[in-house]
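Here the structure comes first, spelled out in structure tokens, and everything after it is commentary.
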Amino acid sequence: MNGQNRKDIYPGLEVGIILKKDQRSGNITYGVVQNLLTSAAFHSRGIKVRLEDGQIGRVAEIVEE
């Protein structure tokens, strides 16, 4: 599942995000969503979120349990 649809993402969900500094390399950082920062229902590059550790980035993948 990708992170382009807001309805698929919620606080407490474990996700992989791409930080602004990692956009060129595509390096993925994993963590738990604290809150959603994108208000649109869909975003082509991924919904922007803040992780519990304070890092902000766009969701690249949702970690399946």
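Here, A, B, ... name the chains of the structure tokens in the order displayed, residue numbers run from 1 inside each chain, and ligands are numbered from 1 in the same displayed order.
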Q) Quick one: residues within 12 Å of Arg50 of chain A, only C-alpha atoms counted, chain neighbours fewer than 3 positions away excluded, as a list in words? A)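 The contact residues come out as Ile9, Tyr10, Pro11, Gly12, Leu13, Glu14, Val15, Gly16, Ile17, Ile18, Leu19, Thr29, Tyr30, Gly31, Val32, Val33, Gln34, Asn35, Leu36, Leu37, Thr38, Ile47, Asp53, Gly54, Gln55, Ile56, Gly57, Arg58 and Val59 of chain A.
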Q. Could you pull the residues within 7 Å of Asn2 of chain A, counting only C-alpha atoms, minus those fewer than 2 positions along the same chain, as a list in words?
A.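 In the requested form, the answer reads Gln4, Ala60, Glu61 and Ile62 of chain A.
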Q.
For the helix (DSSP H, G or I) assignment from backbone DSSP, which residues of chain A qualify? Please present them as number ranges by chain.
A. A: 6-8, 20-22
Q) chain A: which residues are strand (DSSP E or B) by DSSP, as a list in words? A) Asn5, Glu14, Val15, Gly16, Ile17, Ile18, Leu19, Thr29, Tyr30, Gly31, Val32, Val33, Gln34, Asn35, Leu36, Phe42, Lys48, Val49, Arg50, Leu51, Ile56, Gly57, Arg58, Val59, Ala60, Glu61 and Ile62 of chain A
Take the residues from that selection and put them in a file with C-alpha atoms, as a PDB file, in the first residue's frame.
ATOM      1  CA  ASN A   5      -4.492   8.460   0.101  1.00  0.00           C
ATOM      2  CA  GLU A  14       3.801   2.528  11.372  1.00  0.00           C
ATOM      3  CA  VAL A  15       5.030   3.992   8.072  1.00  0.00           C
ATOM      4  CA  GLY A  16       8.133   4.618   5.999  1.00  0.00           C
ATOM      5  CA  ILE A  17       8.653   8.262   5.015  1.00  0.00           C
ATOM      6  CA  ILE A  18      11.038  10.125   2.756  1.00  0.00           C
ATOM      7  CA  LEU A  19      12.502  13.175   4.479  1.00  0.00           C
ATOM      8  CA  THR A  29      12.961   6.508   7.471  1.00  0.00           C
ATOM      9  CA  TYR A  30      10.590   4.345   9.531  1.00  0.00           C
ATOM     10  CA  GLY A  31       8.454   5.464  12.445  1.00  0.00           C
ATOM     11  CA  VAL A  32       4.984   5.897  13.903  1.00  0.00           C
ATOM     12  CA  VAL A  33       2.639   8.665  12.713  1.00  0.00           C
ATOM     13  CA  GLN A  34       1.927  11.376  15.296  1.00  0.00           C
ATOM     14  CA  ASN A  35      -0.265  13.550  13.054  1.00  0.00           C
ATOM     15  CA  LEU A  36      -1.106  14.253   9.420  1.00  0.00           C
ATOM     16  CA  PHE A  42      -4.887  12.566  -2.177  1.00  0.00           C
ATOM     17  CA  LYS A  48       2.977  14.574   4.600  1.00  0.00           C
ATOM     18  CA  VAL A  49       3.122  13.413   8.236  1.00  0.00           C
ATOM     19  CA  ARG A  50       4.982  14.107  11.471  1.00  0.00           C
ATOM     20  CA  LEU A  51       6.412  11.053  13.196  1.00  0.00           C
ATOM     21  CA  ILE A  56       8.480  15.315   8.953  1.00  0.00           C
ATOM     22  CA  GLY A  57       8.242  13.713   5.538  1.00  0.00           C
ATOM     23  CA  ARG A  58       5.986  12.197   2.892  1.00  0.00           C
ATOM     24  CA  VAL A  59       4.686   8.646   3.306  1.00  0.00           C
ATOM     25  CA  ALA A  60       6.436   6.295   0.873  1.00  0.00           C
ATOM     26  CA  GLU A  61       5.053   3.053   2.269  1.00  0.00           C
ATOM     27  CA  ILE A  62       2.746   1.735   4.945  1.00  0.00           C
TER      28      ILE A  62
END
**Q.** A:Gly46, A:Ala41, A:Arg6, A:Met1 ranked by distance to Gln23 of chain A, top pick (using only C-alpha atoms)
**A.**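 The answer is A:Gly46, which sits nearest to Gln23 of chain A.
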